Amino acid sequence: MKVVIEAKEEYKNMLQEIATAIKAKITFDENEEDFWLQLPDHVKAGILESHEQFKQGQFSSHEDVMSKYKSKYNL
């Protein structure tokens with residue numbers, strides 16, 4: 001299993017100690033590029049648009065969406 005943890009530099013030693021204590025392997029990729037920079041522009045635009053819609057209250061709850069599609073497909 002691979003786990004990605006984003007933390008401040010000041011916690012690097014503590015994380016290494018924890019990894020050693022639980023016999024886990026830990027690596028620090030100092031040159032890792034922010035995933036946001038790797039996304040295509042149209043994906044970034046969609047994420048930003050949906051974030052704005054959410055802030056304006058334009059969203060449906062999970063329960064509402066599930067109910068809609070269960071009714072639509074007779075589930």
# chains A, B, ... in the order shown; residues from 1 in each chain; ligands from 1
call {"tool": "select_by_dssp", "arguments": {"residues": "chain A", "states": "helix (DSSP H, G or I)", "output": "PyMOL selection string"}}
result
chain A and resi 9-21+35-38+41-55+62-72
call {"tool": "residues_around", "arguments": {"residues": "stretch 13-27 of chain A", "least_positions_apart": "3", "cutoff": "10 Å", "atoms": "only C-alpha atoms", "output": "PDB file with N, CA and C atoms, in the first residue's frame"}}
result
ATOM      1  N   LYS A   2       0.514   2.215  -0.785  1.00  0.00           N
ATOM      2  CA  LYS A   2       1.253   3.466  -0.848  1.00  0.00           C
ATOM      3  C   LYS A   2       0.393   4.562  -0.249  1.00  0.00           C
ATOM      4  N   VAL A   3       0.995   5.372   0.619  1.00  0.00           N
ATOM      5  CA  VAL A   3       0.290   6.463   1.271  1.00  0.00           C
ATOM      6  C   VAL A   3       1.065   7.744   0.998  1.00  0.00           C
ATOM      7  N   VAL A   4       0.354   8.790   0.649  1.00  0.00           N
ATOM      8  CA  VAL A   4       0.984  10.086   0.415  1.00  0.00           C
ATOM      9  C   VAL A   4       0.575  11.014   1.558  1.00  0.00           C
ATOM     10  N   ILE A   5       1.571  11.613   2.179  1.00  0.00           N
ATOM     11  CA  ILE A   5       1.324  12.532   3.288  1.00  0.00           C
ATOM     12  C   ILE A   5       1.947  13.870   2.938  1.00  0.00           C
ATOM     13  N   ALA A   7       3.066  17.295   4.584  1.00  0.00           N
ATOM     14  CA  ALA A   7       3.330  17.861   5.903  1.00  0.00           C
ATOM     15  C   ALA A   7       4.398  18.932   5.792  1.00  0.00           C
ATOM     16  N   GLU A   9       7.874  20.777   6.604  1.00  0.00           N
ATOM     17  CA  GLU A   9       9.252  20.291   6.704  1.00  0.00           C
ATOM     18  C   GLU A   9       9.632  19.981   8.153  1.00  0.00           C
ATOM     19  N   GLU A  10       9.105  20.740   9.093  1.00  0.00           N
ATOM     20  CA  GLU A  10       9.470  20.568  10.505  1.00  0.00           C
ATOM     21  C   GLU A  10       9.054  19.205  11.066  1.00  0.00           C
ATOM     22  N   GLU A  30      11.648  15.522  -2.488  1.00  0.00           N
ATOM     23  CA  GLU A  30      11.762  16.970  -2.397  1.00  0.00           C
ATOM     24  C   GLU A  30      11.432  17.661  -3.715  1.00  0.00           C
TER      25      GLU A  30
END
call {"tool": "atom_distance", "arguments": {"atom1": "atom CA of A:Ile47", "atom2": "atom CA of A:Lys68"}}
result
23.6 Å
call {"tool": "atom_distance", "arguments": {"atom1": "atom CA of A:Asp34", "atom2": "atom CA of A:Glu49"}}
result
20.0 Å
call {"tool": "atom_distance", "arguments": {"atom1": "atom CA of A:Asn74", "atom2": "atom CA of A:Phe54"}}
result
28.9 Å
call {"tool": "closest_residue", "arguments": {"among": "A:Asp41, A:Phe28, A:Ser71, A:Gln58", "to": "A:Lys8", "atoms": "only C-alpha atoms"}}
result
A:Phe28
